[in-house]
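Just my_file.cif here, mmCIF, C-alpha atoms:
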```cif
data_input
loop_
_atom_site.label_atom_id
_atom_site.label_comp_id
_atom_site.auth_asym_id
_atom_site.auth_seq_id
_atom_site.Cartn_x
_atom_site.Cartn_y
_atom_site.Cartn_z
CA MET A 240 0.00 0.00 0.00
CA ALA A 241 1.07 3.56 -0.63
CA PRO A 242 2.76 5.40 2.22
CA ILE A 243 0.96 8.26 3.91
CA GLY A 244 1.87 11.59 2.38
CA THR A 245 1.10 15.16 3.27
CA LEU A 246 -1.55 14.91 0.56
CA HIS A 247 -3.63 12.48 2.62
CA TYR A 248 -3.78 14.92 5.51
CA LEU A 249 -4.73 17.72 3.11
CA VAL A 250 -7.64 15.64 1.83
CA ILE A 251 -8.99 15.10 5.37
CA ALA A 252 -8.53 18.80 6.15
CA ALA A 253 -10.36 19.80 2.95
CA ALA A 254 -13.25 17.47 3.78
CA LEU A 255 -13.49 18.89 7.33
CA PHE A 256 -13.42 22.44 5.98
CA VAL A 257 -16.19 21.77 3.45
CA LEU A 258 -18.35 20.06 6.10
CA GLY A 259 -17.84 23.04 8.40
CA VAL A 260 -18.87 25.49 5.65
CA ILE A 261 -21.97 23.40 4.91
CA GLY A 262 -22.85 23.48 8.60
CA VAL A 263 -22.44 27.26 8.84
CA LEU A 264 -24.58 27.81 5.76
CA THR A 265 -27.39 25.31 6.29
CA ARG A 266 -28.07 24.99 10.03
CA ARG A 267 -30.28 27.42 11.96
CA ASN A 268 -29.15 26.74 15.51
CA VAL A 269 -26.43 29.19 16.60
CA VAL A 270 -24.73 26.58 18.81
CA ILE A 271 -24.31 24.23 15.83
CA ILE A 272 -23.04 27.11 13.67
CA LEU A 273 -20.38 27.82 16.32
CA MET A 274 -19.45 24.11 16.32
CA SER A 275 -19.10 24.20 12.53
CA ILE A 276 -16.74 27.16 12.89
CA GLU A 277 -14.68 25.00 15.25
CA LEU A 278 -14.60 22.33 12.53
CA ILE A 279 -13.23 24.90 10.05
CA LEU A 280 -10.54 26.01 12.51
CA ASN A 281 -9.60 22.37 13.09
CA ALA A 282 -9.19 21.84 9.34
CA VAL A 283 -6.77 24.78 9.27
CA ASN A 284 -4.88 23.31 12.23
CA LEU A 285 -4.52 19.95 10.50
CA ASN A 286 -3.15 21.70 7.40
CA LEU A 287 -0.64 23.67 9.48
CA VAL A 288 0.61 20.62 11.37
CA ALA A 289 0.83 18.55 8.16
CA PHE A 290 2.86 21.28 6.43
CA SER A 291 5.07 21.80 9.47
CA ARG A 292 6.60 18.42 8.58
CA ILE A 293 8.07 20.04 5.47
CA TRP A 294 8.66 23.62 6.54
CA GLY A 295 9.72 23.28 10.18
CA LEU A 296 8.02 23.64 13.52
CA HIS A 297 6.52 27.09 12.96
CA GLY A 298 3.29 25.51 11.74
CA GLN A 299 2.77 23.77 15.08
CA VAL A 300 3.31 27.02 16.98
CA PHE A 301 0.73 28.69 14.73
CA SER A 302 -1.71 25.86 15.36
CA ILE A 303 -1.34 26.42 19.12
CA PHE A 304 -2.16 30.09 18.60
CA ILE A 305 -5.22 29.09 16.57
CA ILE A 306 -6.39 26.74 19.34
CA THR A 307 -6.12 29.62 21.82
CA ASP A 308 -8.07 31.94 19.52
CA ALA A 309 -10.73 29.29 18.98
CA ALA A 310 -11.24 28.96 22.72
CA ALA A 311 -11.57 32.74 23.07
CA GLU A 312 -13.98 32.87 20.13
CA ALA A 313 -16.14 30.09 21.59
CA ALA A 314 -16.32 31.87 24.96
CA VAL A 315 -17.34 35.21 23.43
CA GLY A 316 -19.76 33.62 20.94
CA LEU A 317 -21.54 31.60 23.62
CA GLY A 318 -21.65 34.69 25.86
CA ILE A 319 -23.38 36.62 23.07
CA LEU A 320 -25.74 33.68 22.61
CA ILE A 321 -26.69 33.67 26.30
CA ALA A 322 -27.23 37.44 26.30
CA PHE A 323 -29.39 37.11 23.21
CA PHE A 324 -31.38 34.18 24.54
CA ARG A 325 -32.23 36.25 27.61
CA ASN A 326 -33.84 38.86 25.34
CA LYS A 327 -35.61 36.83 22.68
CA GLU A 328 -35.86 33.23 23.97
CA THR A 329 -34.57 31.72 20.76
CA VAL A 330 -31.36 30.28 19.33
CA ASN A 331 -32.35 30.30 15.67
CA VAL A 332 -30.35 32.58 13.39
CA ASP A 333 -33.33 33.47 11.21
CA GLU A 334 -35.11 34.94 14.22
CA ILE A 335 -32.14 37.13 15.18
CA ASP A 336 -33.24 40.38 13.54
CA LEU A 337 -32.77 43.02 16.22
CA LEU A 338 -30.65 45.16 13.88
CA LYS A 339 -33.10 44.91 11.00
CA TRP A 340 -34.61 48.29 10.13
CA MET B 161 1.46 -0.64 7.72
CA LEU B 162 0.28 0.04 11.24
CA HIS B 163 0.67 3.73 10.51
CA LEU B 164 -1.47 3.52 7.38
CA SER B 165 -4.27 1.57 9.04
CA LEU B 166 -4.32 3.91 12.05
CA PHE B 167 -4.42 6.90 9.72
CA LEU B 168 -7.28 5.45 7.68
CA ILE B 169 -9.34 4.33 10.67
CA PHE B 170 -9.09 7.63 12.54
CA GLY B 171 -9.49 9.68 9.36
CA ALA B 172 -12.73 7.79 8.64
CA ILE B 173 -13.91 8.32 12.24
CA CYS B 174 -13.11 12.02 11.94
CA ILE B 175 -15.07 12.52 8.70
CA THR B 176 -17.97 10.38 9.93
CA GLY B 177 -18.15 12.40 13.14
CA ALA B 178 -18.20 15.65 11.17
CA ILE B 179 -21.01 14.36 8.94
CA ASN B 180 -22.91 13.17 12.02
CA LEU B 181 -22.53 16.65 13.51
CA LEU B 182 -24.40 18.08 10.53
CA VAL B 183 -27.03 15.35 10.31
CA GLN B 184 -28.09 15.25 13.98
CA ARG B 185 -31.07 17.44 14.85
CA HIS B 186 -30.42 17.82 18.56
CA PRO B 187 -27.50 20.07 19.58
CA ILE B 188 -26.26 17.72 22.31
CA ASN B 189 -25.75 14.91 19.79
CA SER B 190 -23.83 17.31 17.58
CA ALA B 191 -21.64 18.32 20.52
CA LEU B 192 -20.82 14.69 21.29
CA SER B 193 -19.87 13.98 17.68
CA LEU B 194 -17.67 17.09 17.76
CA VAL B 195 -15.84 15.48 20.70
CA VAL B 196 -15.28 12.40 18.51
CA VAL B 197 -13.88 14.61 15.73
CA MET B 198 -11.50 16.35 18.16
CA GLY B 199 -10.28 13.06 19.61
CA SER B 200 -9.58 11.44 16.27
CA LEU B 201 -7.83 14.61 15.08
CA ALA B 202 -5.58 14.35 18.14
CA VAL B 203 -4.62 10.84 17.02
CA GLU B 204 -3.85 12.20 13.54
CA TYR B 205 -1.56 14.79 15.11
CA LEU B 206 0.18 12.02 17.04
CA LEU B 207 0.68 10.12 13.79
CA LEU B 208 2.34 13.23 12.35
CA GLY B 209 4.63 13.28 15.39
CA ALA B 210 3.16 16.47 16.82
CA GLU B 211 2.88 15.23 20.40
CA PHE B 212 2.42 18.61 22.06
CA VAL B 213 -0.28 19.78 19.65
CA ALA B 214 -2.12 16.49 20.17
CA ALA B 215 -2.05 16.95 23.95
CA VAL B 216 -3.23 20.56 23.65
CA GLN B 217 -5.97 19.45 21.28
CA VAL B 218 -7.31 16.96 23.80
CA ILE B 219 -6.99 19.26 26.82
CA VAL B 220 -8.23 22.52 25.31
CA TYR B 221 -10.65 21.41 22.60
CA ALA B 222 -12.05 18.09 23.75
CA GLY B 223 -11.86 19.28 27.35
CA ALA B 224 -12.46 22.96 27.91
CA VAL B 225 -14.21 24.17 24.76
CA MET B 226 -16.56 21.20 24.56
CA VAL B 227 -17.50 21.54 28.24
CA LEU B 228 -18.38 25.16 27.46
CA PHE B 229 -20.57 24.06 24.53
CA VAL B 230 -22.36 21.31 26.45
CA PHE B 231 -22.87 23.67 29.39
CA VAL B 232 -24.51 26.31 27.18
CA ILE B 233 -26.68 23.70 25.45
CA MET B 234 -27.91 22.45 28.82
CA LEU B 235 -28.38 26.02 30.07
CA LEU B 236 -30.46 27.17 27.11
CA ASN B 237 -32.41 23.91 27.01
CA ALA B 238 -32.44 24.17 23.23
CA GLY B 239 -34.61 21.50 21.66
CA GLU B 240 -34.54 20.00 18.21
CA GLU B 241 -34.56 22.51 15.42
CA GLU B 242 -37.30 22.28 12.81
CA GLN B 243 -36.24 21.87 9.22
CA THR B 244 -37.16 24.25 6.46
CA SER B 245 -37.48 23.15 2.87
CA GLY B 246 -34.32 24.03 0.94
CA SER B 247 -34.44 26.72 -1.69
CA ARG B 248 -34.67 25.66 -5.32
CA VAL B 249 -31.97 28.11 -6.40
CA ALA B 250 -29.54 26.49 -3.99
CA ILE B 251 -30.21 23.05 -5.48
CA LEU B 252 -30.04 24.40 -9.04
CA PHE B 253 -26.68 26.15 -8.63
CA GLY B 254 -25.26 24.47 -5.54
CA ILE B 255 -24.96 20.89 -6.77
CA PRO B 256 -23.19 21.70 -10.09
CA GLY B 257 -21.01 24.18 -8.23
CA MET B 258 -20.11 21.55 -5.64
CA ILE B 259 -19.21 19.03 -8.36
CA ILE B 260 -17.04 21.56 -10.21
CA GLY B 261 -15.37 22.64 -6.97
CA SER B 262 -14.54 19.13 -5.81
CA VAL B 263 -13.21 18.13 -9.26
CA LEU B 264 -10.96 21.21 -9.26
CA LEU B 265 -9.78 20.46 -5.72
CA ALA B 266 -9.05 16.81 -6.54
CA TRP B 267 -7.18 17.85 -9.70
CA VAL B 268 -5.01 20.35 -7.83
CA LEU B 269 -4.28 17.86 -5.06
CA VAL B 270 -3.36 15.05 -7.45
CA ALA B 271 -1.26 17.33 -9.65
CA ARG B 272 0.77 18.48 -6.63
CA SER B 273 1.02 15.09 -4.96
CA GLY B 274 4.83 15.13 -4.73
CA THR B 275 4.77 16.45 -1.17
CA GLY B 276 6.67 13.58 0.39
CA GLU B 277 5.66 10.93 2.85
CA VAL B 278 5.33 10.93 6.60
CA ALA B 279 6.86 8.44 8.98
CA LEU B 280 5.59 7.71 12.47
CA GLY B 281 7.02 10.33 14.78
CA ALA B 282 8.86 12.04 11.93
CA LEU B 283 8.44 15.51 13.39
CA PRO B 284 10.57 16.86 16.21
CA GLY B 285 7.33 18.06 17.78
CA SER B 286 8.39 17.59 21.37
CA PRO B 287 7.30 20.15 23.97
CA ARG B 288 10.96 21.15 24.36
CA SER B 289 11.48 22.30 20.78
CA ILE B 290 8.04 23.93 20.58
CA ALA B 291 8.65 25.82 23.81
CA ARG B 292 11.99 27.03 22.46
CA LEU B 293 10.18 28.53 19.44
CA LEU B 294 7.22 29.81 21.43
CA PHE B 295 9.21 31.61 24.13
CA ARG B 296 12.03 32.88 21.96
CA ASP B 297 10.96 33.62 18.35
CA PHE B 298 7.25 34.04 19.05
CA LEU B 299 7.44 35.71 22.46
CA LEU B 300 5.63 38.91 21.40
CA PRO B 301 2.72 37.08 19.66
CA PHE B 302 2.47 34.84 22.72
CA GLU B 303 2.09 37.82 25.07
CA VAL B 304 -0.39 39.49 22.71
CA THR B 305 -2.41 36.26 22.69
CA SER B 306 -2.55 36.28 26.48
CA VAL B 307 -3.98 39.82 26.37
CA LEU B 308 -6.51 38.62 23.78
CA VAL B 309 -7.62 35.75 26.01
CA LEU B 310 -7.94 38.12 28.98
CA ILE B 311 -10.15 40.47 26.95
CA ALA B 312 -12.22 37.51 25.72
CA ILE B 313 -12.77 36.31 29.30
CA MET B 314 -13.88 39.77 30.41
CA GLY B 315 -16.14 40.12 27.38
CA ALA B 316 -17.75 36.74 28.00
CA VAL B 317 -18.39 37.58 31.67
CA VAL B 318 -19.90 40.97 30.80
CA LEU B 319 -22.06 39.48 28.04
CA ALA B 320 -23.32 36.54 30.04
CA ALA B 321 -23.91 38.40 33.32
CA ARG B 322 -27.43 39.56 34.12
CA PRO B 323 -28.03 43.25 33.31
CA GLU B 324 -29.02 43.97 36.93
CA ALA B 325 -25.74 42.52 38.18
CA VAL B 326 -23.77 44.77 35.82
CA GLU B 327 -25.74 47.83 36.97
CA HIS B 328 -25.14 46.87 40.59
CA THR B 329 -21.36 46.68 40.13
CA LYS B 330 -21.37 50.01 38.30
CA LYS B 331 -23.07 51.74 41.23
CA GLU B 332 -20.70 50.19 43.75
CA GLY B 333 -17.57 50.93 41.74
#
```
So that I can check it, write out the structure of this file as structure tokens.
Amino acid sequence: MAPIGTLHYLVIAAALFVLGVIGVLTRRNVVIILMSIELILNAVNLNLVAFSRIWGLHGQVFSIFIITDAAAEAAVGLGILIAFFRNKETVNVDEIDLLKW
Amino acid sequence: MLHLSLFLIFGAICITGAINLLVQRHPINSALSLVVVMGSLAVEYLLLGAEFVAAVQVIVYAGAVMVLFVFVIMLLNAGEEEQTSGSRVAILFGIPGMIIGSVLLAWVLVARSGTGEVALGALPGSPRSIARLLFRDFLLPFEVTSVLVLIAIMGAVVLAARPEAVEHTKKEG
């Protein structure tokens, strides 16, 4: 059987990215949209770590930064969600229209 | 051989978990399949030799972030979401666009396939070498990230606190 190349990891990362984009675009629940964003960030991480095999360890350091940012983003996003749920009692994106004129 | 089978098994688990995340109607099932995705990705990092990133993935993602998600899902008591019928324009343009996009992606990937192979533990991804990079070359970005996390924590607390509680602290301070 063929040995595992960087290409194989890129294929998995591309599939994860596409699934994350589909989730962001098609689901209505804000929690699931945030989870799909996490999927997208994980696809980027996998790409960075796979490429760090060729280009040195910098990719892994970047992926650690991305993990930190993802945690911060999840905390702020879920905080916004809680604040919103307190006002409108819903988590569906198509009912979030407070800024609509 | 062992490497290849481990890669294939956990890659398949990862993709299946991601698909399950999209298919499930209830948010808690989606959160659990996201945990599966994170765990299998950690194994993929280990196969690449990135031990430290794999450990951070398990601790931060599968631990902290997912606890946050599950906590919010329980807190909001969000039920199953109802489905809407998809738009016809999306089906008309989306499916041909998806086919064209995936063919292009596959072509690019196959044309550039000479990116070398990976051996088990091929990367010097030990905590020692990563820490040397992180605290020497990337010291300023590291400190900036800590400020970012601090601001995110404060923002999350302010957003999630009850309005009366915020008013109360304002009067006292």
**Message:** Going by the chain IDs and residue numbers used in this file, which residues fall under the PyMOL selection byres ((chain A and resi 310) around 12)? Write them as a PyMOL selection string.
**Reply:** (chain A and resi 273-274+276-277+280-281+303-309+311-317) or (chain B and resi 216-217+219-229+305-306+308-310+312-313+316)
**Message:** Report, in Å to a single decimal, how far apart atom CA of Leu168 of chain B and atom CA of Met258 of chain B are.
**Reply:**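 Going from atom CA of Met258 of chain B over to atom CA of Leu168 of chain B covers 24.5 Å.
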**Message:** Here's the selection I'm unsure about, the PyMOL selection byres ((chain A and resi 286-296) around 7); applied to the file above, which residues does it give, as a PyMOL selection string?
**Reply:** (chain A and resi 245+248-249+252+282-285+297-300+302) or (chain B and resi 208+283)
**Request:** Tell me which residues the PyMOL selection byres ((chain A and resi 326) around 12) grabs here, as a list in words.
**Result:** Ile319, Leu320, Ile321, Ala322, Phe323, Phe324, Arg325, Lys327, Glu328, Thr329, Val330, Glu334, Ile335, Asp336 and Leu337 of chain A; Ala320, Arg322 and Pro323 of chain B
**Message:** At a cut-off of 8 Å, using all atoms listed in the file, what residues contact Ser190 of chain B? Leave out same-chain residues fewer than 4 positions from it and give the result as an MDAnalysis selection string.
**Reply:** (chainID A and resid 271) or (chainID B and resid 180:182 184:186 194)
**Request:** Go ahead and compute the interatomic distance for atom CA of Ile272 of chain A and atom CA of Gly318 of chain A, in Å to one decimal.
**Result:** 14.4 Å
**Asked** atom CA of Leu293 of chain B to atom CA of Glu211 of chain B: how many Å, to one decimal?
**Response** 15.2 Å
**Prompt:** Using all atoms listed in the file, which residues sit within 7 Å of segment 255-269 of chain A once same-chain residues fewer than 5 positions away are excluded, as number ranges by chain?
**Reply:** A: 275-276, 278-279, 282, 330-333; B: 175, 178-179, 182, 241
**Item:** Top pick for closest residue to chain B, considering A:Ala253, A:Gly244, A:Lys339, A:Val270 and counting only C-alpha atoms
**Value:**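 Residue with the minimum atom-to-atom distance to chain B: A:Gly244.
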**Asked** Of the candidates B:Val203, B:Leu164, B:Met234, B:Ile169, which shows the shortest atom-to-atom distance to chain A, using all atoms listed in the file?
**Response**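 Checking each candidate against chain A, we get B:Leu164 as the closest.
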Would you give the centre and edge lengths, in Å to one decimal, of a box along x, y and z around the listed atoms of segment 324-333 of chain A, with 8 Å added to each side, as AutoDock Vina command-line options?
```
--center_x -33.1 --center_y 34.6 --center_z 19.4 --size_x 21.5 --size_y 24.6 --size_z 32.4
```
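Proximity ranking of B:Leu299, B:Ala271, B:Leu294, B:Val196 relative to chain A places B:Leu294 first, based on all atoms listed in the file.
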